[in-house]
>>> print(open('model30.cif').read())   # mmCIF, N, CA and C atoms and all ligand atoms
data_input
loop_
_atom_site.label_atom_id
_atom_site.label_comp_id
_atom_site.auth_asym_id
_atom_site.auth_seq_id
_atom_site.Cartn_x
_atom_site.Cartn_y
_atom_site.Cartn_z
N MET A 1 23.40 -19.09 14.59
CA MET A 1 22.85 -18.67 13.29
C MET A 1 22.52 -17.18 13.32
N ILE A 2 22.81 -16.54 12.22
CA ILE A 2 22.55 -15.10 12.13
C ILE A 2 21.06 -14.86 11.90
N HIS A 3 20.51 -13.97 12.66
CA HIS A 3 19.10 -13.66 12.51
C HIS A 3 18.89 -12.88 11.21
N ARG A 4 18.04 -13.43 10.38
CA ARG A 4 17.75 -12.74 9.12
C ARG A 4 16.48 -11.94 9.26
N ARG A 5 16.54 -10.74 8.80
CA ARG A 5 15.35 -9.89 8.88
C ARG A 5 14.37 -10.31 7.80
N THR A 6 13.12 -10.13 8.12
CA THR A 6 12.08 -10.52 7.18
C THR A 6 12.20 -9.68 5.91
N ARG A 7 12.24 -10.36 4.79
CA ARG A 7 12.34 -9.64 3.51
C ARG A 7 10.98 -9.48 2.85
N ASN A 8 10.13 -10.46 3.07
CA ASN A 8 8.81 -10.42 2.47
C ASN A 8 7.76 -10.37 3.57
N TYR A 9 6.92 -9.39 3.50
CA TYR A 9 5.89 -9.26 4.52
C TYR A 9 4.79 -8.33 4.03
N ILE A 10 3.78 -8.21 4.85
CA ILE A 10 2.67 -7.31 4.55
C ILE A 10 2.77 -6.13 5.52
N ARG A 11 2.80 -4.96 4.96
CA ARG A 11 2.74 -3.76 5.80
C ARG A 11 1.30 -3.31 5.82
N ARG A 12 0.74 -3.19 6.98
CA ARG A 12 -0.66 -2.74 7.04
C ARG A 12 -0.67 -1.31 7.53
N ILE A 13 -1.07 -0.44 6.64
CA ILE A 13 -1.03 0.99 6.97
C ILE A 13 -2.42 1.60 6.86
N SER A 14 -2.57 2.72 7.45
CA SER A 14 -3.84 3.44 7.38
C SER A 14 -4.05 3.98 5.97
N ARG A 15 -5.30 3.98 5.53
CA ARG A 15 -5.56 4.54 4.20
C ARG A 15 -5.31 6.05 4.18
N ASP A 16 -5.15 6.65 5.36
CA ASP A 16 -4.82 8.08 5.43
C ASP A 16 -3.31 8.31 5.45
N ASP A 17 -2.55 7.24 5.33
CA ASP A 17 -1.10 7.38 5.36
C ASP A 17 -0.63 8.26 4.19
N PRO A 18 0.28 9.20 4.47
CA PRO A 18 0.75 10.09 3.38
C PRO A 18 1.31 9.31 2.19
N GLU A 19 1.78 8.10 2.42
CA GLU A 19 2.32 7.31 1.29
C GLU A 19 1.26 6.98 0.25
N LEU A 20 0.02 7.02 0.67
CA LEU A 20 -1.05 6.69 -0.27
C LEU A 20 -1.65 7.93 -0.91
N LYS A 21 -1.05 9.08 -0.63
CA LYS A 21 -1.55 10.32 -1.23
C LYS A 21 -0.72 10.67 -2.46
N ASN A 22 -1.34 11.45 -3.31
CA ASN A 22 -0.67 11.94 -4.52
C ASN A 22 -0.02 10.83 -5.35
N ARG A 23 -0.80 9.79 -5.57
CA ARG A 23 -0.29 8.70 -6.39
C ARG A 23 -0.56 8.96 -7.87
N PHE A 24 0.23 8.34 -8.67
CA PHE A 24 0.07 8.46 -10.12
C PHE A 24 -0.01 7.08 -10.73
N LEU A 25 -0.79 7.02 -11.79
CA LEU A 25 -0.86 5.80 -12.56
C LEU A 25 0.05 6.01 -13.77
N HIS A 26 0.95 5.09 -13.98
CA HIS A 26 1.88 5.23 -15.11
C HIS A 26 1.30 4.50 -16.31
N VAL A 27 1.02 5.28 -17.33
CA VAL A 27 0.44 4.70 -18.53
C VAL A 27 1.49 4.81 -19.63
N ILE A 28 1.88 3.69 -20.16
CA ILE A 28 2.93 3.70 -21.18
C ILE A 28 2.29 3.50 -22.55
N GLY A 29 2.41 4.55 -23.35
CA GLY A 29 1.82 4.52 -24.68
C GLY A 29 2.89 4.24 -25.73
N PRO A 30 2.49 4.24 -27.00
CA PRO A 30 3.47 3.94 -28.06
C PRO A 30 4.58 4.99 -28.14
N ARG A 31 4.26 6.24 -27.86
CA ARG A 31 5.28 7.29 -27.98
C ARG A 31 5.68 7.88 -26.64
N ASP A 32 4.70 7.98 -25.75
CA ASP A 32 4.94 8.69 -24.50
C ASP A 32 4.54 7.84 -23.30
N ALA A 33 5.06 8.24 -22.17
CA ALA A 33 4.57 7.68 -20.92
C ALA A 33 3.80 8.79 -20.22
N LEU A 34 2.63 8.48 -19.80
CA LEU A 34 1.79 9.47 -19.14
C LEU A 34 1.72 9.18 -17.65
N GLU A 35 1.60 10.24 -16.89
CA GLU A 35 1.35 10.06 -15.47
C GLU A 35 -0.02 10.62 -15.18
N VAL A 36 -0.92 9.75 -14.81
CA VAL A 36 -2.29 10.17 -14.56
C VAL A 36 -2.50 10.21 -13.05
N PRO A 37 -2.89 11.36 -12.52
CA PRO A 37 -3.11 11.42 -11.08
C PRO A 37 -4.28 10.55 -10.65
N VAL A 38 -4.12 9.90 -9.50
CA VAL A 38 -5.17 9.03 -8.95
C VAL A 38 -5.74 9.72 -7.71
N SER A 39 -7.03 9.72 -7.61
CA SER A 39 -7.70 10.31 -6.45
C SER A 39 -7.23 9.63 -5.17
N ASP A 40 -7.00 10.42 -4.12
CA ASP A 40 -6.54 9.86 -2.84
C ASP A 40 -7.52 8.84 -2.26
N GLU A 41 -8.79 9.03 -2.58
CA GLU A 41 -9.81 8.13 -2.01
C GLU A 41 -9.83 6.78 -2.72
N LEU A 42 -9.34 6.77 -3.95
CA LEU A 42 -9.43 5.55 -4.75
C LEU A 42 -8.20 4.67 -4.50
N ILE A 43 -8.43 3.60 -3.76
CA ILE A 43 -7.35 2.65 -3.50
C ILE A 43 -7.80 1.31 -4.08
N VAL A 44 -6.98 0.77 -4.96
CA VAL A 44 -7.37 -0.42 -5.70
C VAL A 44 -6.31 -1.50 -5.47
N CYS A 45 -6.77 -2.74 -5.37
CA CYS A 45 -5.86 -3.88 -5.22
C CYS A 45 -5.06 -4.04 -6.52
N ASP A 46 -3.74 -4.13 -6.40
CA ASP A 46 -2.90 -4.27 -7.59
C ASP A 46 -2.94 -5.68 -8.17
N VAL A 47 -3.58 -6.60 -7.45
CA VAL A 47 -3.69 -7.97 -7.97
C VAL A 47 -5.00 -8.14 -8.73
N CYS A 48 -6.12 -7.83 -8.09
CA CYS A 48 -7.41 -8.10 -8.71
C CYS A 48 -8.16 -6.84 -9.15
N ASN A 49 -7.58 -5.67 -8.87
CA ASN A 49 -8.17 -4.39 -9.26
C ASN A 49 -9.48 -4.05 -8.56
N ARG A 50 -9.77 -4.76 -7.48
CA ARG A 50 -10.98 -4.41 -6.74
C ARG A 50 -10.70 -3.20 -5.85
N LYS A 51 -11.73 -2.42 -5.63
CA LYS A 51 -11.61 -1.25 -4.77
C LYS A 51 -11.43 -1.69 -3.31
N ILE A 52 -10.55 -1.03 -2.61
CA ILE A 52 -10.34 -1.32 -1.19
C ILE A 52 -10.97 -0.20 -0.38
N GLU A 53 -11.89 -0.60 0.49
CA GLU A 53 -12.62 0.43 1.22
C GLU A 53 -12.43 0.35 2.73
N THR A 54 -11.54 -0.52 3.16
CA THR A 54 -11.28 -0.65 4.59
C THR A 54 -10.39 0.49 5.07
N SER A 55 -10.38 0.71 6.38
CA SER A 55 -9.58 1.82 6.91
C SER A 55 -8.09 1.48 6.90
N MET A 56 -7.77 0.18 6.91
CA MET A 56 -6.37 -0.23 6.83
C MET A 56 -6.13 -0.88 5.47
N VAL A 57 -4.93 -0.67 4.94
CA VAL A 57 -4.61 -1.14 3.60
C VAL A 57 -3.35 -2.00 3.68
N ASN A 58 -3.36 -3.14 2.99
CA ASN A 58 -2.19 -4.03 2.97
C ASN A 58 -1.25 -3.62 1.85
N VAL A 59 0.02 -3.47 2.19
CA VAL A 59 1.02 -3.21 1.15
C VAL A 59 1.94 -4.44 1.14
N LEU A 60 2.05 -5.07 0.00
CA LEU A 60 2.88 -6.27 -0.12
C LEU A 60 4.33 -5.85 -0.32
N ILE A 61 5.19 -6.32 0.57
CA ILE A 61 6.62 -5.99 0.48
C ILE A 61 7.36 -7.26 0.05
N ILE A 62 8.03 -7.18 -1.07
CA ILE A 62 8.83 -8.31 -1.56
C ILE A 62 10.27 -7.84 -1.62
N ASP A 63 11.14 -8.58 -0.96
CA ASP A 63 12.55 -8.21 -0.92
C ASP A 63 12.75 -6.79 -0.39
N ARG A 64 11.94 -6.46 0.59
CA ARG A 64 11.96 -5.14 1.26
C ARG A 64 11.56 -3.98 0.38
N MET A 65 11.04 -4.29 -0.80
CA MET A 65 10.56 -3.22 -1.68
C MET A 65 9.05 -3.31 -1.79
N PRO A 66 8.35 -2.17 -1.73
CA PRO A 66 6.90 -2.25 -1.89
C PRO A 66 6.53 -2.72 -3.29
N TRP A 67 5.80 -3.80 -3.36
CA TRP A 67 5.37 -4.36 -4.65
C TRP A 67 4.07 -3.71 -5.08
N GLY A 68 3.17 -3.52 -4.12
CA GLY A 68 1.89 -2.91 -4.46
C GLY A 68 0.89 -3.12 -3.35
N ILE A 69 -0.31 -2.69 -3.64
CA ILE A 69 -1.40 -2.78 -2.67
C ILE A 69 -2.14 -4.08 -2.93
N ILE A 70 -2.49 -4.77 -1.88
CA ILE A 70 -3.15 -6.06 -2.03
C ILE A 70 -4.34 -6.13 -1.07
N CYS A 71 -5.48 -6.53 -1.60
CA CYS A 71 -6.68 -6.59 -0.76
C CYS A 71 -6.60 -7.81 0.16
N GLU A 72 -7.47 -7.83 1.14
CA GLU A 72 -7.46 -8.90 2.12
C GLU A 72 -7.72 -10.26 1.46
N GLU A 73 -8.60 -10.30 0.49
CA GLU A 73 -8.91 -11.57 -0.17
C GLU A 73 -7.70 -12.10 -0.93
N CYS A 74 -7.00 -11.23 -1.65
CA CYS A 74 -5.82 -11.68 -2.39
C CYS A 74 -4.70 -12.06 -1.43
N ARG A 75 -4.62 -11.36 -0.32
CA ARG A 75 -3.59 -11.70 0.66
C ARG A 75 -3.83 -13.11 1.18
N LEU A 76 -5.08 -13.42 1.52
CA LEU A 76 -5.40 -14.74 2.05
C LEU A 76 -5.19 -15.82 0.98
N LYS A 77 -5.45 -15.44 -0.26
CA LYS A 77 -5.35 -16.40 -1.35
C LYS A 77 -3.90 -16.67 -1.76
N HIS A 78 -3.12 -15.59 -1.87
CA HIS A 78 -1.77 -15.74 -2.43
C HIS A 78 -0.65 -15.71 -1.39
N HIS A 79 -0.88 -15.00 -0.29
CA HIS A 79 0.21 -14.83 0.69
C HIS A 79 -0.28 -15.04 2.12
N PRO A 80 -0.94 -16.16 2.38
CA PRO A 80 -1.54 -16.34 3.71
C PRO A 80 -0.50 -16.45 4.82
N ASN A 81 0.74 -16.80 4.48
CA ASN A 81 1.73 -17.03 5.54
C ASN A 81 2.67 -15.86 5.78
N LEU A 82 2.49 -14.80 5.01
CA LEU A 82 3.38 -13.65 5.23
C LEU A 82 3.03 -12.97 6.54
N ARG A 83 4.06 -12.52 7.19
CA ARG A 83 3.87 -11.81 8.44
C ARG A 83 3.23 -10.45 8.18
N ILE A 84 2.33 -10.08 9.06
CA ILE A 84 1.69 -8.77 8.92
C ILE A 84 2.29 -7.82 9.94
N ILE A 85 2.78 -6.72 9.44
CA ILE A 85 3.31 -5.71 10.34
C ILE A 85 2.37 -4.52 10.31
N GLU A 86 1.70 -4.33 11.41
CA GLU A 86 0.73 -3.23 11.46
C GLU A 86 1.45 -1.97 11.88
N GLU A 87 1.13 -0.90 11.22
CA GLU A 87 1.73 0.36 11.59
C GLU A 87 0.66 1.25 12.18
N TYR A 88 0.85 1.52 13.42
CA TYR A 88 -0.10 2.42 14.05
C TYR A 88 0.51 3.80 14.05
N LYS A 89 -0.25 4.70 13.54
CA LYS A 89 0.23 6.07 13.56
C LYS A 89 -0.79 6.90 14.30
N ILE A 90 -0.30 7.74 15.11
CA ILE A 90 -1.20 8.61 15.86
C ILE A 90 -1.27 9.93 15.12
N TRP A 91 -2.46 10.20 14.68
CA TRP A 91 -2.67 11.45 13.95
C TRP A 91 -3.15 12.48 14.96
N ARG A 92 -2.23 13.31 15.36
CA ARG A 92 -2.57 14.31 16.36
C ARG A 92 -2.97 15.59 15.67
N ARG A 93 -4.01 16.14 16.21
CA ARG A 93 -4.47 17.42 15.68
C ARG A 93 -3.44 18.49 15.90
N GLY A 94 -3.21 19.26 14.89
CA GLY A 94 -2.31 20.39 15.03
C GLY A 94 -0.85 20.02 14.92
N LYS A 95 -0.55 18.72 14.81
CA LYS A 95 0.84 18.29 14.76
C LYS A 95 1.53 18.81 13.50
N GLU A 96 0.76 18.86 12.43
CA GLU A 96 1.32 19.31 11.16
C GLU A 96 1.28 20.85 11.04
N GLY A 97 1.00 21.52 12.14
CA GLY A 97 1.03 22.97 12.12
C GLY A 97 -0.31 23.60 11.81
N GLY A 98 -1.33 23.15 12.51
CA GLY A 98 -2.64 23.77 12.33
C GLY A 98 -3.62 22.82 11.66
N GLU A 99 -4.87 23.28 11.66
CA GLU A 99 -5.92 22.42 11.09
C GLU A 99 -6.39 22.95 9.77
ZN ZN B 1 -7.28 -8.27 -4.59
#
>>> encode(input="model30.cif", output="structure tokens", more="lines below")
Ligand SMILES: [Zn+2]
Amino acid sequence: MIHRRTRNYIRRISRDDPELKNRFLHVIGPRDALEVPVSDELIVCDVCNRKIETSMVNVLIIDRMPWGIICEECRLKHHPNLRIIEEYKIWRRGKEGGE
């Protein structure tokens, strides 16, 4: 049997991950679509809209595409059997070219 790669899983990343920086909220109005910048500190569950304040953040991946951010409670409630892939990143001082 051919080994199938996991399509649906939880990516657990640091809240300091660059992917969580410079996010925008897309607001679709009757005439225009607006992009509202979201503060880097404000991370909200895309399921229940609760604020996430843990150092690690769950990103729900469906069909290998990021669906959104999901808090631990929603993960346990809706996706308790999904595999969790933790991403450890070493943030080295000076790696990005100075402090
Ligand atoms: Zn939630």
>>> residues_near_ligand(input="model30.cif", ligand="ligand ZN 1 (chain B)", cutoff="12 Å", atoms="only C-alpha atoms and all ligand atoms", output="PyMOL selection string")
chain A and resi 43-53+57-60+68-79
>>> atom_distance(input="model30.cif", atom1="CA of Ser39 (chain A)", atom2="CA of Asn8 (chain A)")
28.0 Å
>>> select_by_dssp(input="model30.cif", residues="region 33-93 of chain A", states="alpha helix (DSSP H)", output="list of chain:residue names")
A:Glu72, A:Glu73, A:Cys74, A:Arg75, A:Leu76, A:Lys77, A:His78
>>> select_by_dssp(input="model30.cif", residues="region 11-97 of chain A", states="strand (DSSP E)", output="number ranges by chain")
A: 11-14, 23-28, 33-38, 56-62, 65-70, 83-86
>>> closest_residue(input="model30.cif", among="A:Glu87, A:Glu41, A:Asp32, A:Asp63", to="Arg12 (chain A)", atoms="only C-alpha atoms")
A:Glu87
